file coords-v8.cif (mmCIF, C-alpha atoms)
data_start
#
loop_
_atom_site.label_atom_id
_atom_site.label_comp_id
_atom_site.auth_asym_id
_atom_site.auth_seq_id
_atom_site.Cartn_x
_atom_site.Cartn_y
_atom_site.Cartn_z
CA MET A 1 0.00 0.00 0.00
CA THR A 2 1.42 3.41 -0.99
CA ASN A 3 1.64 6.35 1.40
CA GLU A 4 -1.19 8.08 -0.45
CA GLU A 5 -3.41 5.01 -0.16
CA GLN A 6 -2.60 4.66 3.56
CA SER A 7 -3.37 8.35 4.14
CA MET A 8 -6.70 7.93 2.40
CA LEU A 9 -7.52 4.82 4.44
CA ASP A 10 -6.66 6.65 7.67
CA TYR A 11 -8.89 9.54 6.62
CA ILE A 12 -11.74 7.19 5.67
CA ARG A 13 -11.46 5.56 9.13
CA THR A 14 -12.00 8.96 10.79
CA LEU A 15 -15.30 9.25 8.90
CA TRP A 16 -16.27 5.59 9.00
CA PRO A 17 -14.71 3.83 12.00
CA ASP A 18 -16.17 0.44 11.00
CA VAL A 19 -14.05 0.08 7.84
CA PRO A 20 -12.98 -3.56 7.85
CA GLU A 21 -9.37 -4.27 8.72
CA PHE A 22 -7.18 -5.89 6.12
CA GLY A 23 -7.12 -9.64 6.32
CA ASP A 24 -10.10 -10.75 4.26
CA THR A 25 -8.53 -11.06 0.80
CA LYS A 26 -11.78 -10.35 -1.09
CA ASN A 27 -12.43 -7.13 0.86
CA ASP A 28 -8.73 -6.29 0.80
CA THR A 29 -8.57 -6.51 -3.00
CA ASN A 30 -11.71 -4.42 -3.55
CA LEU A 31 -10.68 -1.80 -1.02
CA GLN A 32 -7.14 -1.75 -2.38
CA LYS A 33 -8.43 -1.17 -5.95
CA LYS A 34 -10.72 1.63 -4.82
CA LEU A 35 -7.98 3.29 -2.80
CA THR A 36 -5.58 3.03 -5.73
CA VAL A 37 -8.07 4.65 -8.10
CA LEU A 38 -8.85 7.41 -5.60
CA ALA A 39 -5.18 8.04 -4.81
CA ASN A 40 -4.28 8.25 -8.51
CA THR A 41 -7.19 10.60 -9.18
CA PHE A 42 -6.24 12.89 -6.30
CA GLU A 43 -2.60 12.88 -7.36
CA ARG A 44 -3.50 13.85 -10.97
CA ASN A 45 -5.85 16.55 -9.73
CA GLU A 46 -3.16 17.94 -7.44
CA GLU A 47 -0.65 18.08 -10.34
CA MET A 48 -3.21 19.79 -12.60
CA LEU A 49 -4.03 22.30 -9.86
CA GLU A 50 -0.33 23.11 -9.34
CA GLN A 51 0.16 23.62 -13.09
CA ALA A 52 -2.96 25.79 -13.34
CA PHE A 53 -1.67 27.88 -10.43
CA GLU A 54 1.66 28.41 -12.21
CA GLU A 55 -0.15 29.60 -15.36
CA ILE A 56 -1.76 32.43 -13.36
CA PHE A 57 1.55 34.27 -13.03
CA ALA A 58 3.56 35.64 -15.94
CA ARG A 59 6.88 34.61 -14.35
CA THR A 60 5.93 30.89 -14.30
CA ALA A 61 3.47 30.60 -17.19
CA SER A 62 4.36 28.27 -20.06
CA ALA A 63 1.27 26.67 -21.62
CA THR A 64 -0.67 29.96 -21.59
CA LEU A 65 2.07 32.26 -22.90
CA GLY A 66 0.14 32.87 -26.12
CA ARG A 67 -2.96 33.90 -24.18
CA TRP A 68 -0.89 36.22 -21.98
CA GLU A 69 0.65 37.85 -25.06
CA LEU A 70 -2.77 38.29 -26.68
CA TYR A 71 -4.22 39.78 -23.49
CA LEU A 72 -1.31 42.23 -23.18
CA GLY A 73 -1.38 43.18 -26.86
CA LEU A 74 2.04 41.69 -27.61
CA HIS A 75 2.84 39.84 -30.80
CA THR A 76 3.11 36.10 -30.21
CA ALA A 77 6.77 35.11 -30.07
CA GLU A 78 6.50 31.33 -30.23
CA GLY A 79 10.08 30.81 -31.42
CA GLN A 80 11.59 32.52 -28.39
CA PRO A 81 12.49 30.82 -25.10
CA ASP A 82 9.81 30.95 -22.41
CA GLU A 83 12.05 33.12 -20.20
CA ASN A 84 12.22 35.84 -22.87
CA ARG A 85 8.47 35.76 -23.43
CA GLN A 86 7.85 35.91 -19.68
CA ALA A 87 10.20 38.90 -19.37
CA ARG A 88 8.27 40.71 -22.14
CA MET A 89 4.99 40.10 -20.33
CA ILE A 90 6.31 41.26 -16.97
CA SER A 91 7.77 44.38 -18.52
CA LYS A 92 4.49 45.11 -20.28
CA THR A 93 2.54 44.83 -17.04
CA ARG A 94 5.08 47.03 -15.23
CA GLY A 95 5.04 49.50 -18.09
CA SER A 96 1.62 50.96 -17.47
CA GLY A 97 1.07 54.41 -16.04
CA THR A 98 3.22 57.52 -16.11
CA THR A 99 6.67 56.98 -17.56
CA THR A 100 9.34 57.68 -14.97
CA PRO A 101 13.00 56.67 -14.67
CA ALA A 102 11.90 54.20 -11.97
CA LEU A 103 9.43 52.61 -14.39
CA ILE A 104 12.05 52.36 -17.16
CA LYS A 105 14.49 50.84 -14.64
CA SER A 106 11.90 48.30 -13.50
CA VAL A 107 11.06 47.27 -17.06
CA ALA A 108 14.73 47.01 -18.10
CA GLU A 109 15.62 44.95 -15.02
CA ALA A 110 12.90 42.46 -15.91
CA TYR A 111 14.64 41.87 -19.24
CA SER A 112 18.22 41.77 -18.06
CA ASN A 113 17.77 39.84 -14.80
CA GLY A 114 20.31 42.26 -13.36
CA GLU A 115 20.66 45.73 -11.98
CA VAL A 116 20.03 48.67 -14.30
CA GLU A 117 20.62 52.38 -13.91
CA VAL A 118 18.66 55.02 -15.82
CA ILE A 119 20.62 58.22 -16.44
CA GLU A 120 18.62 61.24 -17.56
CA TYR A 121 19.89 64.09 -19.74
CA PRO A 122 16.86 66.40 -19.75
CA GLU A 123 18.61 69.24 -21.62
CA GLN A 124 19.37 66.77 -24.44
CA TYR A 125 15.93 65.11 -24.32
CA ARG A 126 17.45 61.68 -23.86
CA PHE A 127 18.13 58.99 -21.31
CA VAL A 128 20.56 56.09 -21.08
CA VAL A 129 19.72 52.63 -19.81
CA LYS A 130 22.96 51.39 -18.28
CA PHE A 131 23.21 47.66 -17.55
CA ILE A 132 25.44 47.37 -14.49
CA GLY A 133 24.44 44.02 -13.02
CA ALA A 134 24.77 41.65 -15.98
CA LEU A 135 27.71 41.38 -18.36
CA GLY A 136 27.31 41.90 -22.10
CA VAL A 137 24.20 42.56 -24.14
CA PRO A 138 20.94 41.04 -22.85
CA PRO A 139 19.77 38.29 -25.22
CA ASN A 140 16.37 39.90 -25.76
CA LEU A 141 17.50 43.51 -26.21
CA GLU A 142 15.30 44.04 -29.27
CA ASP A 143 12.18 43.15 -27.26
CA LEU A 144 13.27 45.54 -24.51
CA LYS A 145 13.72 48.32 -27.09
CA LYS A 146 10.20 47.72 -28.42
CA ILE A 147 8.63 47.85 -24.95
CA LEU A 148 10.57 50.99 -23.99
CA ARG A 149 9.53 52.68 -27.26
CA GLU A 150 5.92 51.97 -26.31
CA ILE A 151 6.18 53.43 -22.81
CA LYS A 152 8.64 56.32 -23.22
CA GLN A 153 7.62 59.77 -24.33
CA ALA A 154 7.95 60.11 -28.09
CA HIS A 155 10.35 63.07 -28.03
CA LEU A 156 12.94 61.30 -25.85
CA VAL A 157 15.93 59.50 -27.35
CA MET A 158 17.06 56.36 -25.57
CA ASP A 159 20.54 54.90 -25.56
CA PHE A 160 22.04 51.83 -23.96
CA GLU A 161 25.31 51.17 -22.17
CA PHE A 162 26.54 47.68 -21.40
CA ARG A 163 28.98 46.36 -18.85
CA TYR A 164 31.89 44.21 -19.95
CA LEU A 165 34.80 42.70 -18.10
CA LEU A 166 37.75 45.02 -17.69
CA ILE A 167 41.39 43.98 -17.60
CA LYS A 168 41.60 44.96 -13.93
CA GLU A 169 38.75 42.53 -13.18
CA ILE A 170 40.57 39.54 -14.65
CA HIS A 171 44.32 40.31 -14.53
CA ASN A 172 45.82 38.67 -11.43
CA VAL A 173 42.26 38.03 -10.20
CA MET A 174 41.00 35.12 -12.31
CA THR A 175 42.70 31.86 -13.12
CA ILE A 176 43.15 30.71 -16.72
CA GLU A 177 40.43 28.10 -16.14
CA GLN A 178 37.99 30.77 -14.93
CA MET A 179 38.75 32.97 -17.94
CA GLN A 180 38.32 30.04 -20.34
CA SER A 181 34.85 29.40 -18.94
CA LEU A 182 33.72 32.92 -19.93
CA THR A 183 32.11 33.53 -23.31
CA LEU A 184 33.43 36.26 -25.59
CA ASP A 185 30.29 38.37 -25.27
CA LYS A 186 31.36 39.20 -21.69
CA PHE A 187 34.42 41.09 -23.04
CA ALA A 188 34.34 44.40 -24.86
CA GLY A 189 34.72 43.72 -28.57
CA GLY A 190 33.48 40.14 -28.18
CA GLU A 191 30.22 40.88 -29.96
CA ILE A 192 29.26 43.52 -32.51
CA ILE A 193 26.38 45.69 -31.34
CA GLY A 194 24.35 47.09 -34.16
#
call {"tool": "encode", "arguments": {"input": "coords-v8.cif", "output": "C-alpha cells"}}
result
Amino acid sequence: MTNEEQSMLDYIRTLWPDVPEFGDTKNDTNLQKKLTVLANTFERNEEMLEQAFEEIFARTASATLGRWELYLGLHTAEGQPDENRQARMISKTRGSGTTTPALIKSVAEAYSNGEVEVIEYPEQYRFVVKFIGALGVPPNLEDLKKILREIKQAHLVMDFEFRYLLIKEIHNVMTIEQMQSLTLDKFAGGEIIG
C-alpha cells in the first residue's frame, strides 16, 4: 500500500470507523483497488491544480504564454524561449502608467535579470539605460527596445550602455580556467552591437 493510499484509508477511518481491517482477501482486494483509483485521481488533480496555479503568473506561465501575449497586446513570439516571453509580459505589465526613470528601470531589469541604472539628460531630451548588473548585451535587447519605445515619451531618445569585463577585473584576479569558462560576449569587442 502506498503512502497516499494509507493516508486515504486513515482519513476514511476517521469518517467511518467500522471500515474492515485488512485480512479478508476479497475485501482487501476491492478496497485496495478503490484506494488506488482514488489516490491516482487525487494525485492527478493535485498536479493539474499546481500547473494551473503556475499559469496564473507571468513569471511561471508556459502553456498559456500565447494567451498572456494576446491579453497584453504583444505579438506572439512562439520561437523565443519561455524566459524571454515571460520577461516581455512582466515588462508590459510594469510599463503601465506615467513613464518615470523608476518605471524604465523596472522594465529594463525584468529583461536583463540584473541591476540597471537610468541616467537622464533632460537638456538633451534623452536617457541612457545602463546595464550594471549583468555582463554583455541582454539576449532579448530588441524586445526591450520595443517595450521601452511603447512606454517612453515620443520626443525622448534612448541609448544603452553595457557592462563588460575590464582587464583589472581579470588580470591577477581570475585563473586561466575561470577565464576560459567565460564567453566572448562578456568582453568588450566580443560581440558587434548594431
call {"tool": "closest_atom_pairs", "arguments": {"input": "coords-v8.cif", "of": "range 40-158 of chain A", "to": "range 2-8 of chain A", "cutoff": "12 Å", "atoms": "all atoms listed in the file", "output": "JSON lines"}}
result
{"residue": "A:Asn40", "atom": "CA", "partner": "A:Glu4", "partner_atom": "CA", "distance": 8.6}
{"residue": "A:Thr41", "atom": "CA", "partner": "A:Glu4", "partner_atom": "CA", "distance": 10.9}
{"residue": "A:Phe42", "atom": "CA", "partner": "A:Glu4", "partner_atom": "CA", "distance": 9.1}
{"residue": "A:Glu43", "atom": "CA", "partner": "A:Glu4", "partner_atom": "CA", "distance": 8.5}
call {"tool": "closest_atom_pairs", "arguments": {"input": "coords-v8.cif", "of": "range 26-95 of chain A", "to": "range 112-115 of chain A", "cutoff": "12 Å", "atoms": "all atoms listed in the file", "output": "Markdown table"}}
result
| residue | atom | partner | partner_atom | distance |
| --- | --- | --- | --- | --- |
| A:Glu83 | CA | A:Asn113 | CA | 10.3 |
| A:Asn84 | CA | A:Ser112 | CA | 9.7 |
| A:Gln86 | CA | A:Asn113 | CA | 11.7 |
| A:Ala87 | CA | A:Ser112 | CA | 8.6 |
| A:Arg88 | CA | A:Ser112 | CA | 10.8 |
| A:Ile90 | CA | A:Asn113 | CA | 11.7 |
| A:Ser91 | CA | A:Ser112 | CA | 10.8 |
call {"tool": "closest_residue", "arguments": {"input": "coords-v8.cif", "among": "A:Glu161, A:Asp185, A:Asp82, A:Glu54", "to": "Gly66 in chain A", "atoms": "all atoms listed in the file"}}
result
A:Asp82
call {"tool": "atom_distance", "arguments": {"input": "coords-v8.cif", "atom1": "CA of Asp143 in chain A", "atom2": "CA of Met89 in chain A"}}
result
10.4 Å
call {"tool": "residues_around", "arguments": {"input": "coords-v8.cif", "residues": "His75 in chain A", "least_positions_apart": "2", "cutoff": "12 Å", "atoms": "only C-alpha atoms", "output": "MDAnalysis selection string"}}
result
chainID A and resid 65:73 77:80 85 88:89 92 143 146:147
call {"tool": "residues_around", "arguments": {"input": "coords-v8.cif", "residues": "Glu120 in chain A", "least_positions_apart": "3", "cutoff": "12 Å", "atoms": "all atoms listed in the file", "output": "JSON, numbers by chain"}}
result
{"A": [100, 101, 102, 104, 105, 117, 123, 124, 125, 126, 127, 128, 129, 130, 156, 157, 158, 159, 160]}
call {"tool": "write_last_selection", "arguments": {"input": "coords-v8.cif", "atoms": "C-alpha atoms", "output": "compact mmCIF listing (two decimals), in the coordinates of the input"}}
result
# COMPACT_ATOMS: atom_id res chain seq x y z
CA THR A 100 9.34 57.68 -14.97
CA PRO A 101 13.00 56.67 -14.67
CA ALA A 102 11.90 54.20 -11.97
CA ILE A 104 12.05 52.36 -17.16
CA LYS A 105 14.49 50.84 -14.64
CA GLU A 117 20.62 52.38 -13.91
CA GLU A 123 18.61 69.24 -21.62
CA GLN A 124 19.37 66.77 -24.44
CA TYR A 125 15.93 65.11 -24.32
CA ARG A 126 17.45 61.68 -23.86
CA PHE A 127 18.13 58.99 -21.31
CA VAL A 128 20.56 56.09 -21.08
CA VAL A 129 19.72 52.63 -19.81
CA LYS A 130 22.96 51.39 -18.28
CA LEU A 156 12.94 61.30 -25.85
CA VAL A 157 15.93 59.50 -27.35
CA MET A 158 17.06 56.36 -25.57
CA ASP A 159 20.54 54.90 -25.56
CA PHE A 160 22.04 51.83 -23.96
call {"tool": "closest_residue", "arguments": {"input": "coords-v8.cif", "among": "A:Thr99, A:Thr175, A:Ser106, A:Ser181", "to": "Leu144 in chain A", "atoms": "all atoms listed in the file"}}
result
A:Ser106
call {"tool": "atom_distance", "arguments": {"input": "coords-v8.cif", "atom1": "CA of Val118 in chain A", "atom2": "CA of Phe187 in chain A"}}
result
22.2 Å
call {"tool": "decode", "arguments": {"input": "coords-v8.cif", "residues": "range 144-171 of chain A", "atoms": "N, CA, C and O atoms", "output": "PDB file, in the first residue's frame"}}
result
ATOM      1  N   LEU A 144      13.214  44.451 -25.491  1.00  0.00           N
ATOM      2  CA  LEU A 144      13.266  45.542 -24.513  1.00  0.00           C
ATOM      3  C   LEU A 144      13.127  46.886 -25.219  1.00  0.00           C
ATOM      4  O   LEU A 144      12.381  47.760 -24.764  1.00  0.00           O
ATOM      5  N   LYS A 145      13.821  47.062 -26.338  1.00  0.00           N
ATOM      6  CA  LYS A 145      13.719  48.318 -27.092  1.00  0.00           C
ATOM      7  C   LYS A 145      12.279  48.586 -27.515  1.00  0.00           C
ATOM      8  O   LYS A 145      11.786  49.718 -27.409  1.00  0.00           O
ATOM      9  N   LYS A 146      11.590  47.545 -27.986  1.00  0.00           N
ATOM     10  CA  LYS A 146      10.196  47.715 -28.424  1.00  0.00           C
ATOM     11  C   LYS A 146       9.309  48.163 -27.265  1.00  0.00           C
ATOM     12  O   LYS A 146       8.494  49.076 -27.411  1.00  0.00           O
ATOM     13  N   ILE A 147       9.459  47.498 -26.118  1.00  0.00           N
ATOM     14  CA  ILE A 147       8.633  47.850 -24.953  1.00  0.00           C
ATOM     15  C   ILE A 147       8.933  49.276 -24.497  1.00  0.00           C
ATOM     16  O   ILE A 147       8.019  50.056 -24.217  1.00  0.00           O
ATOM     17  N   LEU A 148      10.213  49.633 -24.431  1.00  0.00           N
ATOM     18  CA  LEU A 148      10.566  50.987 -23.993  1.00  0.00           C
ATOM     19  C   LEU A 148      10.067  52.041 -24.972  1.00  0.00           C
ATOM     20  O   LEU A 148       9.645  53.117 -24.560  1.00  0.00           O
ATOM     21  N   ARG A 149      10.082  51.733 -26.278  1.00  0.00           N
ATOM     22  CA  ARG A 149       9.532  52.681 -27.263  1.00  0.00           C
ATOM     23  C   ARG A 149       8.040  52.904 -27.020  1.00  0.00           C
ATOM     24  O   ARG A 149       7.532  54.001 -27.250  1.00  0.00           O
ATOM     25  N   GLU A 150       7.363  51.849 -26.578  1.00  0.00           N
ATOM     26  CA  GLU A 150       5.924  51.970 -26.313  1.00  0.00           C
ATOM     27  C   GLU A 150       5.632  52.819 -25.081  1.00  0.00           C
ATOM     28  O   GLU A 150       4.634  53.530 -25.049  1.00  0.00           O
ATOM     29  N   ILE A 151       6.500  52.748 -24.069  1.00  0.00           N
ATOM     30  CA  ILE A 151       6.177  53.435 -22.811  1.00  0.00           C
ATOM     31  C   ILE A 151       6.856  54.794 -22.655  1.00  0.00           C
ATOM     32  O   ILE A 151       6.397  55.613 -21.874  1.00  0.00           O
ATOM     33  N   LYS A 152       7.937  55.040 -23.390  1.00  0.00           N
ATOM     34  CA  LYS A 152       8.637  56.322 -23.222  1.00  0.00           C
ATOM     35  C   LYS A 152       7.896  57.421 -23.978  1.00  0.00           C
ATOM     36  O   LYS A 152       7.100  57.163 -24.878  1.00  0.00           O
ATOM     37  N   GLN A 153       8.181  58.640 -23.605  1.00  0.00           N
ATOM     38  CA  GLN A 153       7.620  59.774 -24.326  1.00  0.00           C
ATOM     39  C   GLN A 153       8.275  59.852 -25.692  1.00  0.00           C
ATOM     40  O   GLN A 153       9.475  59.606 -25.837  1.00  0.00           O
ATOM     41  N   ALA A 154       7.491  60.182 -26.694  1.00  0.00           N
ATOM     42  CA  ALA A 154       7.946  60.106 -28.086  1.00  0.00           C
ATOM     43  C   ALA A 154       9.137  61.004 -28.389  1.00  0.00           C
ATOM     44  O   ALA A 154       9.968  60.668 -29.231  1.00  0.00           O
ATOM     45  N   HIS A 155       9.271  62.130 -27.707  1.00  0.00           N
ATOM     46  CA  HIS A 155      10.352  63.066 -28.031  1.00  0.00           C
ATOM     47  C   HIS A 155      11.694  62.679 -27.398  1.00  0.00           C
ATOM     48  O   HIS A 155      12.712  63.267 -27.716  1.00  0.00           O
ATOM     49  N   LEU A 156      11.705  61.692 -26.527  1.00  0.00           N
ATOM     50  CA  LEU A 156      12.940  61.301 -25.847  1.00  0.00           C
ATOM     51  C   LEU A 156      13.717  60.266 -26.658  1.00  0.00           C
ATOM     52  O   LEU A 156      13.146  59.336 -27.210  1.00  0.00           O
ATOM     53  N   VAL A 157      15.030  60.451 -26.697  1.00  0.00           N
ATOM     54  CA  VAL A 157      15.929  59.499 -27.346  1.00  0.00           C
ATOM     55  C   VAL A 157      16.455  58.572 -26.255  1.00  0.00           C
ATOM     56  O   VAL A 157      16.789  59.021 -25.154  1.00  0.00           O
ATOM     57  N   MET A 158      16.518  57.291 -26.563  1.00  0.00           N
ATOM     58  CA  MET A 158      17.063  56.357 -25.571  1.00  0.00           C
ATOM     59  C   MET A 158      18.331  55.718 -26.128  1.00  0.00           C
ATOM     60  O   MET A 158      18.421  55.417 -27.314  1.00  0.00           O
ATOM     61  N   ASP A 159      19.287  55.564 -25.235  1.00  0.00           N
ATOM     62  CA  ASP A 159      20.540  54.900 -25.563  1.00  0.00           C
ATOM     63  C   ASP A 159      20.779  53.806 -24.532  1.00  0.00           C
ATOM     64  O   ASP A 159      20.151  53.792 -23.460  1.00  0.00           O
ATOM     65  N   PHE A 160      21.723  52.931 -24.852  1.00  0.00           N
ATOM     66  CA  PHE A 160      22.044  51.830 -23.960  1.00  0.00           C
ATOM     67  C   PHE A 160      23.545  51.770 -23.722  1.00  0.00           C
ATOM     68  O   PHE A 160      24.327  52.035 -24.643  1.00  0.00           O
ATOM     69  N   GLU A 161      23.917  51.431 -22.512  1.00  0.00           N
ATOM     70  CA  GLU A 161      25.311  51.167 -22.171  1.00  0.00           C
ATOM     71  C   GLU A 161      25.362  49.781 -21.537  1.00  0.00           C
ATOM     72  O   GLU A 161      24.497  49.433 -20.734  1.00  0.00           O
ATOM     73  N   PHE A 162      26.410  49.045 -21.889  1.00  0.00           N
ATOM     74  CA  PHE A 162      26.543  47.678 -21.404  1.00  0.00           C
ATOM     75  C   PHE A 162      27.818  47.543 -20.588  1.00  0.00           C
ATOM     76  O   PHE A 162      28.787  48.269 -20.810  1.00  0.00           O
ATOM     77  N   ARG A 163      27.813  46.616 -19.684  1.00  0.00           N
ATOM     78  CA  ARG A 163      28.982  46.364 -18.846  1.00  0.00           C
ATOM     79  C   ARG A 163      29.726  45.145 -19.388  1.00  0.00           C
ATOM     80  O   ARG A 163      29.119  44.112 -19.653  1.00  0.00           O
ATOM     81  N   TYR A 164      31.026  45.307 -19.521  1.00  0.00           N
ATOM     82  CA  TYR A 164      31.892  44.214 -19.949  1.00  0.00           C
ATOM     83  C   TYR A 164      33.007  44.051 -18.928  1.00  0.00           C
ATOM     84  O   TYR A 164      33.266  44.953 -18.128  1.00  0.00           O
ATOM     85  N   LEU A 165      33.667  42.929 -18.984  1.00  0.00           N
ATOM     86  CA  LEU A 165      34.804  42.698 -18.096  1.00  0.00           C
ATOM     87  C   LEU A 165      35.951  43.635 -18.485  1.00  0.00           C
ATOM     88  O   LEU A 165      36.240  43.834 -19.664  1.00  0.00           O
ATOM     89  N   LEU A 166      36.590  44.167 -17.483  1.00  0.00           N
ATOM     90  CA  LEU A 166      37.752  45.019 -17.689  1.00  0.00           C
ATOM     91  C   LEU A 166      39.007  44.235 -17.337  1.00  0.00           C
ATOM     92  O   LEU A 166      38.967  43.262 -16.561  1.00  0.00           O
ATOM     93  N   ILE A 167      40.129  44.673 -17.872  1.00  0.00           N
ATOM     94  CA  ILE A 167      41.389  43.978 -17.604  1.00  0.00           C
ATOM     95  C   ILE A 167      41.638  43.892 -16.105  1.00  0.00           C
ATOM     96  O   ILE A 167      42.055  42.857 -15.592  1.00  0.00           O
ATOM     97  N   LYS A 168      41.358  44.972 -15.373  1.00  0.00           N
ATOM     98  CA  LYS A 168      41.604  44.962 -13.927  1.00  0.00           C
ATOM     99  C   LYS A 168      40.725  43.941 -13.197  1.00  0.00           C
ATOM    100  O   LYS A 168      41.037  43.547 -12.088  1.00  0.00           O
ATOM    101  N   GLU A 169      39.616  43.518 -13.818  1.00  0.00           N
ATOM    102  CA  GLU A 169      38.745  42.531 -13.184  1.00  0.00           C
ATOM    103  C   GLU A 169      39.211  41.100 -13.417  1.00  0.00           C
ATOM    104  O   GLU A 169      38.731  40.190 -12.749  1.00  0.00           O
ATOM    105  N   ILE A 170      40.117  40.908 -14.377  1.00  0.00           N
ATOM    106  CA  ILE A 170      40.574  39.543 -14.648  1.00  0.00           C
ATOM    107  C   ILE A 170      42.070  39.359 -14.422  1.00  0.00           C
ATOM    108  O   ILE A 170      42.506  38.293 -14.010  1.00  0.00           O
ATOM    109  N   HIS A 171      42.861  40.424 -14.663  1.00  0.00           N
ATOM    110  CA  HIS A 171      44.319  40.310 -14.534  1.00  0.00           C
ATOM    111  C   HIS A 171      44.696  40.120 -13.064  1.00  0.00           C
ATOM    112  O   HIS A 171      44.358  40.924 -12.208  1.00  0.00           O
TER     113      HIS A 171
END
